[in-house]
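Here's target_31.cif, which has mmCIF, C-alpha atoms:
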```cif
data_run
#
loop_
_atom_site.group_PDB
_atom_site.id
_atom_site.type_symbol
_atom_site.label_atom_id
_atom_site.label_comp_id
_atom_site.auth_asym_id
_atom_site.auth_seq_id
_atom_site.Cartn_x
_atom_site.Cartn_y
_atom_site.Cartn_z
ATOM 1 C CA ALA A 831 -26.715 -3.793 -9.445
ATOM 2 C CA ASP A 832 -23.482 -2.381 -10.850
ATOM 3 C CA GLY A 833 -24.556 1.204 -11.413
ATOM 4 C CA ASN A 834 -26.136 4.227 -9.771
ATOM 5 C CA ALA A 835 -29.726 4.959 -8.893
ATOM 6 C CA HIS A 836 -30.463 6.124 -12.432
ATOM 7 C CA GLY A 837 -29.183 2.967 -14.061
ATOM 8 C CA GLU A 838 -26.168 4.728 -15.567
ATOM 9 C CA ARG A 839 -22.756 3.110 -15.754
ATOM 10 C CA PRO A 840 -19.243 4.568 -15.422
ATOM 11 C CA CYS A 841 -17.212 4.839 -18.640
ATOM 12 C CA PRO A 842 -20.153 4.809 -21.064
ATOM 13 C CA HIS A 843 -18.314 7.090 -23.480
ATOM 14 C CA ALA A 844 -15.566 8.467 -21.296
ATOM 15 C CA ARG A 845 -13.043 10.552 -23.173
ATOM 16 C CA ALA A 846 -9.947 9.526 -21.288
ATOM 17 C CA LYS A 847 -6.919 11.678 -20.740
ATOM 18 C CA LEU A 848 -3.983 10.455 -22.756
ATOM 19 C CA LEU A 849 -1.303 8.448 -21.001
ATOM 20 C CA ALA A 850 1.916 8.817 -22.924
ATOM 21 C CA VAL A 851 3.551 5.493 -23.706
ATOM 22 C CA GLU A 852 7.294 5.711 -24.095
ATOM 23 C CA GLU A 853 7.535 2.007 -24.764
ATOM 24 C CA GLN A 854 4.632 -0.434 -24.992
ATOM 25 C CA THR A 855 6.238 -3.830 -24.536
ATOM 26 C CA ALA A 856 4.880 -7.288 -23.841
ATOM 27 C CA SER A 857 4.661 -6.271 -20.191
ATOM 28 C CA SER A 858 2.026 -3.643 -21.122
ATOM 29 C CA THR A 859 3.626 -0.945 -18.999
ATOM 30 C CA LEU A 860 2.302 2.584 -19.542
ATOM 31 C CA THR A 861 4.356 5.638 -18.683
ATOM 32 C CA VAL A 862 2.231 8.342 -17.072
ATOM 33 C CA THR A 863 2.847 11.964 -18.049
ATOM 34 C CA ASP A 864 -0.385 13.569 -16.815
ATOM 35 C CA PRO A 865 0.178 15.190 -13.362
ATOM 36 C CA GLU A 866 -3.342 14.483 -12.091
ATOM 37 C CA THR A 867 -3.095 10.817 -13.059
ATOM 38 C CA ALA A 868 0.325 10.634 -11.401
ATOM 39 C CA ARG A 869 -1.087 12.070 -8.172
ATOM 40 C CA VAL A 870 -3.886 9.500 -8.172
ATOM 41 C CA LEU A 871 -1.419 6.634 -8.643
ATOM 42 C CA GLY A 872 0.720 8.005 -5.823
ATOM 43 C CA ASP A 873 -2.129 8.160 -3.317
ATOM 44 C CA PRO A 874 -2.743 5.037 -1.191
ATOM 45 C CA GLU A 875 -6.423 5.886 -0.752
ATOM 46 C CA HIS A 876 -6.959 5.940 -4.525
ATOM 47 C CA LEU A 877 -4.911 2.773 -4.953
ATOM 48 C CA ARG A 878 -7.252 0.968 -2.583
ATOM 49 C CA PHE A 879 -9.935 1.360 -5.249
ATOM 50 C CA ILE A 880 -7.709 0.874 -8.308
ATOM 51 C CA ALA A 881 -5.656 -2.154 -7.213
ATOM 52 C CA PRO A 882 -8.504 -4.706 -7.497
ATOM 53 C CA PHE A 883 -8.762 -3.912 -11.226
ATOM 54 C CA LEU A 884 -5.026 -3.965 -11.945
ATOM 55 C CA GLY A 885 -4.275 -6.475 -14.678
ATOM 56 C CA ARG A 886 -7.550 -8.376 -14.267
ATOM 57 C CA GLU A 887 -11.240 -8.087 -15.025
ATOM 58 C CA ARG A 888 -13.697 -7.260 -12.226
ATOM 59 C CA ILE A 889 -17.280 -6.134 -11.772
ATOM 60 C CA LEU A 890 -18.163 -3.326 -9.395
ATOM 61 C CA SER A 891 -20.303 -5.283 -6.940
ATOM 62 C CA GLU A 892 -17.509 -7.818 -6.321
ATOM 63 C CA VAL A 893 -14.893 -5.118 -5.762
ATOM 64 C CA ALA A 894 -17.149 -3.113 -3.436
ATOM 65 C CA LEU A 895 -17.612 -6.204 -1.266
ATOM 66 C CA GLU A 896 -13.886 -7.028 -1.333
ATOM 67 C CA ILE A 897 -12.682 -3.609 -0.164
ATOM 68 C CA GLY A 898 -15.635 -2.853 2.099
ATOM 69 C CA SER A 899 -16.844 0.169 0.162
ATOM 70 C CA PRO A 900 -20.403 1.275 -0.575
ATOM 71 C CA LEU A 901 -21.206 0.599 -4.227
ATOM 72 C CA SER A 902 -22.163 4.241 -4.764
ATOM 73 C CA THR A 903 -18.714 5.375 -3.550
ATOM 74 C CA LEU A 904 -16.940 2.904 -5.814
ATOM 75 C CA TYR A 905 -19.107 4.005 -8.727
ATOM 76 C CA ARG A 906 -18.006 7.641 -8.337
ATOM 77 C CA ARG A 907 -14.371 6.591 -8.073
ATOM 78 C CA VAL A 908 -14.584 4.420 -11.173
ATOM 79 C CA GLU A 909 -16.092 7.303 -13.133
ATOM 80 C CA ARG A 910 -13.060 9.423 -12.331
ATOM 81 C CA TYR A 911 -10.555 6.674 -13.064
ATOM 82 C CA CYS A 912 -12.204 6.017 -16.406
ATOM 83 C CA ALA A 913 -12.002 9.722 -17.261
ATOM 84 C CA LEU A 914 -8.290 9.648 -16.429
ATOM 85 C CA GLY A 915 -7.767 6.622 -18.653
ATOM 86 C CA LEU A 916 -6.827 4.306 -15.794
ATOM 87 C CA LEU A 917 -9.854 2.017 -16.106
ATOM 88 C CA ARG A 918 -11.808 0.795 -19.118
ATOM 89 C CA VAL A 919 -14.744 -1.437 -19.874
ATOM 90 C CA THR A 920 -13.520 -4.680 -21.423
ATOM 91 C CA ARG A 921 -16.857 -6.407 -22.049
ATOM 92 C CA GLU A 922 -20.426 -6.780 -20.849
ATOM 93 C CA GLU A 923 -21.961 -9.816 -19.207
ATOM 94 C CA PRO A 924 -25.531 -10.356 -20.420
ATOM 95 C CA ARG A 925 -28.296 -10.885 -17.904
ATOM 96 C CA SER A 926 -31.997 -10.220 -17.650
ATOM 97 C CA GLY A 927 -32.357 -6.453 -17.831
ATOM 98 C CA ARG A 928 -29.241 -4.310 -18.213
ATOM 99 C CA ALA A 929 -25.931 -6.061 -18.893
ATOM 100 C CA ILE A 930 -23.151 -5.916 -16.286
ATOM 101 C CA LYS A 931 -20.026 -4.057 -17.356
ATOM 102 C CA VAL A 932 -16.661 -5.658 -16.651
ATOM 103 C CA TYR A 933 -13.700 -3.368 -15.900
ATOM 104 C CA ARG A 934 -9.939 -3.604 -15.732
ATOM 105 C CA THR A 935 -7.028 -1.204 -15.795
ATOM 106 C CA SER A 936 -5.903 0.182 -19.128
ATOM 107 C CA ALA A 937 -2.491 -1.458 -18.636
ATOM 108 C CA ASP A 938 -0.966 -4.310 -16.664
ATOM 109 C CA ALA A 939 1.530 -1.904 -15.086
ATOM 110 C CA TYR A 940 2.185 1.832 -14.826
ATOM 111 C CA PHE A 941 5.437 3.729 -14.588
ATOM 112 C CA VAL A 942 5.151 7.115 -12.851
ATOM 113 C CA PRO A 943 8.338 9.210 -13.251
ATOM 114 C CA HIS A 944 9.249 11.258 -10.193
ATOM 115 C CA ARG A 945 9.251 14.411 -12.305
ATOM 116 C CA VAL A 946 5.491 14.049 -12.885
ATOM 117 C CA GLY A 947 2.929 15.020 -10.252
ATOM 118 C CA ASP A 948 3.843 15.603 -6.625
ATOM 119 C CA ALA A 949 7.423 15.621 -5.383
ATOM 120 C CA PRO A 950 8.737 12.278 -4.053
ATOM 121 C CA GLU A 951 8.769 13.711 -0.515
ATOM 122 C CA ALA A 952 5.040 14.537 -0.689
ATOM 123 C CA ARG A 953 4.200 11.050 -1.955
ATOM 124 C CA SER A 954 6.356 9.526 0.761
ATOM 125 C CA GLU A 955 4.583 11.534 3.463
ATOM 126 C CA ARG A 956 1.183 10.322 2.232
ATOM 127 C CA TRP A 957 2.356 6.725 2.388
ATOM 128 C CA GLN A 958 3.900 7.246 5.835
ATOM 129 C CA ARG A 959 0.578 8.536 7.186
ATOM 130 C CA HIS A 960 -1.244 5.642 5.542
ATOM 131 C CA TRP A 961 1.135 3.016 6.960
ATOM 132 C CA GLU A 962 1.148 4.582 10.427
ATOM 133 C CA ARG A 963 -2.650 4.596 10.573
ATOM 134 C CA ASP A 964 -2.828 0.912 9.654
ATOM 135 C CA PHE A 965 0.055 0.090 12.003
ATOM 136 C CA GLN A 966 -1.699 1.679 14.985
ATOM 137 C CA ARG A 967 -4.911 -0.163 14.131
ATOM 138 C CA GLY A 968 -2.953 -3.403 13.987
ATOM 139 C CA LEU A 969 -1.362 -2.755 17.385
ATOM 140 C CA ARG A 970 -4.715 -2.160 19.019
ATOM 141 C CA HIS A 971 -6.187 -5.216 17.344
ATOM 142 C CA ALA A 972 -3.300 -7.420 18.519
ATOM 143 C CA TYR A 973 -2.847 -6.112 22.062
ATOM 144 C CA GLY A 974 -6.384 -4.993 22.873
ATOM 145 C CA GLY A 975 -6.885 -3.050 26.097
ATOM 146 C CA ALA A 976 -3.445 -3.951 27.471
ATOM 147 C CA LEU A 977 -1.854 -1.381 25.149
ATOM 148 C CA GLU A 978 -3.245 1.499 27.228
ATOM 149 C CA SER A 979 -1.345 0.383 30.354
ATOM 150 C CA TRP A 980 1.964 -0.130 28.527
ATOM 151 C CA GLY A 981 4.445 2.414 27.230
ATOM 152 C CA GLU A 982 7.684 2.975 25.318
ATOM 153 C CA ARG A 983 11.170 2.626 26.806
ATOM 154 C CA LEU A 984 13.910 4.737 25.248
ATOM 155 C CA TYR A 985 17.476 3.816 26.141
ATOM 156 C CA ARG A 986 20.874 2.748 24.800
ATOM 157 C CA ARG A 987 21.621 -0.951 24.439
ATOM 158 C CA ASP A 988 25.230 -1.787 23.660
ATOM 159 C CA GLY A 989 25.724 1.875 22.790
ATOM 160 C CA VAL A 990 22.812 1.948 20.320
ATOM 161 C CA PHE A 991 19.738 4.124 20.835
ATOM 162 C CA THR A 992 16.736 1.807 21.162
ATOM 163 C CA THR A 993 12.989 2.103 21.664
ATOM 164 C CA THR A 994 10.923 -0.871 22.801
ATOM 165 C CA LEU A 995 7.388 -1.537 23.936
ATOM 166 C CA ALA A 996 7.379 -2.030 27.718
ATOM 167 C CA SER A 997 4.889 -3.021 30.392
ATOM 168 C CA GLY A 998 6.612 -0.812 32.979
ATOM 169 C CA PRO A 999 9.645 1.415 33.675
ATOM 170 C CA ASP A 1000 12.060 -1.552 33.791
ATOM 171 C CA ALA A 1001 10.078 -4.291 32.065
ATOM 172 C CA ASP A 1002 10.492 -4.682 28.334
ATOM 173 C CA LEU A 1003 7.951 -6.903 26.674
ATOM 174 C CA ASP A 1004 9.288 -10.024 25.005
ATOM 175 C CA PRO A 1005 7.633 -10.091 21.560
ATOM 176 C CA LEU A 1006 8.787 -13.698 21.057
ATOM 177 C CA ALA A 1007 7.005 -15.040 24.144
ATOM 178 C CA GLU A 1008 4.408 -17.691 23.345
ATOM 179 C CA ASP A 1009 1.587 -15.698 24.939
ATOM 180 C CA MET A 1010 2.377 -12.606 22.829
ATOM 181 C CA PRO A 1011 0.892 -11.979 19.386
ATOM 182 C CA ALA A 1012 3.021 -12.484 16.270
ATOM 183 C CA LEU A 1013 4.095 -8.855 16.036
ATOM 184 C CA LEU A 1014 7.365 -6.962 15.763
ATOM 185 C CA SER A 1015 8.041 -3.257 16.185
ATOM 186 C CA ARG A 1016 11.695 -2.234 16.311
ATOM 187 C CA PHE A 1017 13.610 0.936 15.541
ATOM 188 C CA HIS A 1018 17.365 1.579 15.605
ATOM 189 C CA ASP A 1019 18.841 4.836 14.342
ATOM 190 C CA SER A 1020 22.498 3.854 14.762
ATOM 191 C CA VAL A 1021 23.350 0.456 13.331
ATOM 192 C CA TYR A 1022 26.992 0.610 12.216
ATOM 193 C CA LEU A 1023 27.960 -1.664 9.321
ATOM 194 C CA ASP A 1024 30.586 -1.733 6.635
ATOM 195 C CA PHE A 1025 29.248 -1.754 3.074
ATOM 196 C CA ALA A 1026 29.819 -5.481 2.615
ATOM 197 C CA ASP A 1027 27.907 -6.299 5.815
ATOM 198 C CA ALA A 1028 25.126 -3.877 4.869
ATOM 199 C CA LYS A 1029 24.701 -5.594 1.488
ATOM 200 C CA ALA A 1030 24.688 -9.012 3.159
ATOM 201 C CA PHE A 1031 22.014 -7.799 5.585
ATOM 202 C CA GLN A 1032 19.995 -6.410 2.685
ATOM 203 C CA ARG A 1033 20.169 -9.748 0.845
ATOM 204 C CA ASP A 1034 19.213 -11.678 3.989
ATOM 205 C CA LEU A 1035 16.153 -9.487 4.536
ATOM 206 C CA GLU A 1036 15.098 -9.819 0.892
ATOM 207 C CA ALA A 1037 15.513 -13.600 0.957
ATOM 208 C CA LEU A 1038 13.542 -13.914 4.202
ATOM 209 C CA LEU A 1039 10.785 -11.694 2.857
ATOM 210 C CA GLU A 1040 10.532 -13.627 -0.404
ATOM 211 C CA ARG A 1041 10.338 -16.888 1.538
ATOM 212 C CA TYR A 1042 7.335 -15.809 3.580
ATOM 213 C CA LEU A 1043 5.574 -13.960 0.767
ATOM 214 C CA LYS A 1044 5.066 -17.385 -0.815
ATOM 215 C CA VAL A 1045 3.135 -18.604 2.239
ATOM 216 C CA ARG A 1046 -0.608 -18.076 1.862
ATOM 217 C CA GLY A 1047 -2.024 -18.054 5.383
ATOM 218 C CA GLN A 1048 -5.373 -16.756 6.617
ATOM 219 C CA GLN A 1049 -4.272 -13.729 8.668
ATOM 220 C CA ARG A 1050 -3.220 -10.564 6.858
ATOM 221 C CA TYR A 1051 -0.142 -8.826 8.313
ATOM 222 C CA LEU A 1052 1.341 -5.402 7.719
ATOM 223 C CA LEU A 1053 5.081 -5.338 7.041
ATOM 224 C CA ARG A 1054 7.289 -2.325 6.405
ATOM 225 C CA LEU A 1055 11.067 -2.563 6.129
ATOM 226 C CA ASN A 1056 13.294 0.515 6.034
ATOM 227 C CA PHE A 1057 17.063 0.259 5.899
ATOM 228 C CA VAL A 1058 18.967 3.310 4.668
ATOM 229 C CA PRO A 1059 22.451 4.797 5.069
ATOM 230 C CA VAL A 1060 22.554 7.976 7.156
ATOM 231 C CA PRO A 1061 24.607 10.944 5.894
ATOM 232 C CA ALA A 1062 27.808 11.490 7.842
ATOM 233 C CA ASP A 1063 26.741 14.990 8.957
ATOM 234 C CA ALA A 1064 23.360 13.821 10.345
ATOM 235 C CA ALA A 1065 22.799 14.224 14.077
ATOM 236 C CA VAL A 1066 22.843 11.076 16.191
#
```
Just give me the structure as structure tokens.
Amino acid sequence: ADGNAHGERPCPHARAKLLAVEEQTASSTLTVTDPETARVLGDPEHLRFIAPFLGRERILSEVALEIGSPLSTLYRRVERYCALGLLRVTREEPRSGRAIKVYRTSADAYFVPHRVGDAPEARSERWQRHWERDFQRGLRHAYGGALESWGERLYRRDGVFTTTLASGPDADLDPLAEDMPALLSRFHDSVYLDFADAKAFQRDLEALLERYLKVRGQQRYLLRLNFVPVPADAAV
């Protein structure tokens, strides 16, 4: 059942907080001005529960199964998101007994200005912790028990500081070997490029990413790309 033990439903008559709309266009983008709503939309844990409803209709039991959440937990979350004006009931599906409510987000897209809610650095730190947790889980899933006997090698290669996963003091692992999982973990803090080369690299990465985003395989992978210029006065 899509409800709690008392047969109640989220959003029965929720008085939602107002989301200011600077410009409501055909894209249905809402601009958020409420700090609490902005914090929710900047938190990856909240987005895990909100994303399934974004721009499409869903019922609670389906979403709970999809994200692996107890229905009671999802119910409490949905109550809060309805009160914030992020979710709404679009219709009810009749059935024997109480009808099933169908939910979706109040807009197809949201714009959260950096001046609203937490500072960009705080939001970034939350996402970094979220990504790192999932990355470590992925490593252990891919490498299994072998990860405990390996380590990290830190050295300079062609004058560039490098860290790589290694099976021993002088034995880097070859991530491209056929018997290795499809996994890549690289970090370089001193890649020296002129602006034209940096833009070309940026375009190449974007094109490669777009190419593989169109492939719909069975295994889910985590991908994070960071490529930023370092201030001249930063320590090497």
| message | as a PyMOL selection string, please: the residues near region 1058-1060 of chain A (cut-off 12 Å, all atoms listed in the file, same-chain neighbours under 4 positions excluded). | response | chain A and resi 1018-1025+1028-1029+1031-1032+1064-1066
| Got a sec to resolve the PyMOL selection byres ((chain A and resi 999) around 12) on this structure and send the residues as an MDAnalysis selection string? | chainID A and resid 979:985 994:998 1000:1003
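From CA of Leu977 (chain A) back to CA of Glu875 (chain A), the distance works out to 27.3 Å.
Taking CA of Glu909 (chain A) and CA of Leu895 (chain A) as endpoints, the distance between them is 18.0 Å.
One distance worth recording is that between CA of Tyr933 (chain A) and CA of Thr863 (chain A), which is 22.7 Å.
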| said: When the PyMOL selection byres ((chain A and resi 914-926) around 7) is applied to the structure above, which residues does it catch, written out as a PyMOL selection string? | reply: chain A and resi 841+846-848+867+910-913+927-936
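Using all atoms listed in the file for every distance, the candidate list A:His944, A:Ser899, A:Ala939, A:Ala894 yields A:His944 as the residue closest to Arg869 (chain A).
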| Nearest residue to Glu866 (chain A) from the set A:Asp948, A:Gly968, A:Arg878, A:Ser891 (distances using only C-alpha atoms) | A:Asp948
| Picked residues, the PyMOL selection byres ((chain A and resi 882) around 10), expected as a list in words | Leu877, Arg878, Phe879, Ile880, Ala881, Phe883, Leu884, Gly885, Arg886, Glu887, Arg888, Ile889, Leu890, Glu892, Val893, Ala894, Glu896, Ile897, Tyr933, Arg934 and Thr935 of chain A
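Distances from A:Val1045, A:Leu969, A:Leu1039, A:Leu1053 to Met1010 (chain A) were compared using all atoms listed in the file, and the smallest one belongs to A:Leu969.
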With the input short on atoms, add N, CA, C and O atoms back to region 870-883 of chain A and write it as a PDB file, in the frame of the given file.
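Output below, filename rebuild21.pdb:
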```
ATOM      1  N   VAL A 870      -2.960  10.562  -8.545  1.00  0.00           N
ATOM      2  CA  VAL A 870      -3.886   9.500  -8.172  1.00  0.00           C
ATOM      3  C   VAL A 870      -3.123   8.202  -7.918  1.00  0.00           C
ATOM      4  O   VAL A 870      -3.370   7.501  -6.931  1.00  0.00           O
ATOM      5  N   LEU A 871      -2.178   7.876  -8.791  1.00  0.00           N
ATOM      6  CA  LEU A 871      -1.419   6.634  -8.643  1.00  0.00           C
ATOM      7  C   LEU A 871      -0.408   6.687  -7.504  1.00  0.00           C
ATOM      8  O   LEU A 871       0.156   5.655  -7.131  1.00  0.00           O
ATOM      9  N   GLY A 872      -0.183   7.877  -6.963  1.00  0.00           N
ATOM     10  CA  GLY A 872       0.720   8.005  -5.823  1.00  0.00           C
ATOM     11  C   GLY A 872       0.006   8.149  -4.499  1.00  0.00           C
ATOM     12  O   GLY A 872       0.632   8.395  -3.470  1.00  0.00           O
ATOM     13  N   ASP A 873      -1.321   7.980  -4.520  1.00  0.00           N
ATOM     14  CA  ASP A 873      -2.129   8.160  -3.317  1.00  0.00           C
ATOM     15  C   ASP A 873      -2.666   6.810  -2.860  1.00  0.00           C
ATOM     16  O   ASP A 873      -3.423   6.160  -3.582  1.00  0.00           O
ATOM     17  N   PRO A 874      -2.302   6.366  -1.652  1.00  0.00           N
ATOM     18  CA  PRO A 874      -2.743   5.037  -1.191  1.00  0.00           C
ATOM     19  C   PRO A 874      -4.254   4.891  -1.101  1.00  0.00           C
ATOM     20  O   PRO A 874      -4.786   3.800  -1.281  1.00  0.00           O
ATOM     21  N   GLU A 875      -4.969   5.978  -0.834  1.00  0.00           N
ATOM     22  CA  GLU A 875      -6.423   5.886  -0.752  1.00  0.00           C
ATOM     23  C   GLU A 875      -7.022   5.602  -2.128  1.00  0.00           C
ATOM     24  O   GLU A 875      -7.939   4.794  -2.268  1.00  0.00           O
ATOM     25  N   HIS A 876      -6.501   6.239  -3.169  1.00  0.00           N
ATOM     26  CA  HIS A 876      -6.959   5.940  -4.525  1.00  0.00           C
ATOM     27  C   HIS A 876      -6.572   4.516  -4.931  1.00  0.00           C
ATOM     28  O   HIS A 876      -7.355   3.804  -5.567  1.00  0.00           O
ATOM     29  N   LEU A 877      -5.372   4.104  -4.560  1.00  0.00           N
ATOM     30  CA  LEU A 877      -4.911   2.773  -4.953  1.00  0.00           C
ATOM     31  C   LEU A 877      -5.742   1.667  -4.323  1.00  0.00           C
ATOM     32  O   LEU A 877      -5.837   0.569  -4.878  1.00  0.00           O
ATOM     33  N   ARG A 878      -6.340   1.943  -3.190  1.00  0.00           N
ATOM     34  CA  ARG A 878      -7.252   0.968  -2.583  1.00  0.00           C
ATOM     35  C   ARG A 878      -8.390   0.618  -3.543  1.00  0.00           C
ATOM     36  O   ARG A 878      -8.833  -0.541  -3.607  1.00  0.00           O
ATOM     37  N   PHE A 879      -8.836   1.588  -4.312  1.00  0.00           N
ATOM     38  CA  PHE A 879      -9.935   1.360  -5.249  1.00  0.00           C
ATOM     39  C   PHE A 879      -9.450   0.874  -6.613  1.00  0.00           C
ATOM     40  O   PHE A 879     -10.173   0.183  -7.317  1.00  0.00           O
ATOM     41  N   ILE A 880      -8.226   1.232  -6.988  1.00  0.00           N
ATOM     42  CA  ILE A 880      -7.709   0.874  -8.308  1.00  0.00           C
ATOM     43  C   ILE A 880      -7.097  -0.518  -8.329  1.00  0.00           C
ATOM     44  O   ILE A 880      -7.246  -1.273  -9.294  1.00  0.00           O
ATOM     45  N   ALA A 881      -6.406  -0.895  -7.238  1.00  0.00           N
ATOM     46  CA  ALA A 881      -5.656  -2.154  -7.213  1.00  0.00           C
ATOM     47  C   ALA A 881      -6.486  -3.382  -7.574  1.00  0.00           C
ATOM     48  O   ALA A 881      -5.989  -4.276  -8.271  1.00  0.00           O
ATOM     49  N   PRO A 882      -7.748  -3.502  -7.138  1.00  0.00           N
ATOM     50  CA  PRO A 882      -8.504  -4.706  -7.497  1.00  0.00           C
ATOM     51  C   PRO A 882      -8.682  -4.905  -8.999  1.00  0.00           C
ATOM     52  O   PRO A 882      -8.888  -6.033  -9.451  1.00  0.00           O
ATOM     53  N   PHE A 883      -8.580  -3.824  -9.772  1.00  0.00           N
ATOM     54  CA  PHE A 883      -8.762  -3.912 -11.226  1.00  0.00           C
ATOM     55  C   PHE A 883      -7.444  -4.073 -11.980  1.00  0.00           C
ATOM     56  O   PHE A 883      -7.452  -4.253 -13.195  1.00  0.00           O
TER      57      PHE A 883
END
```
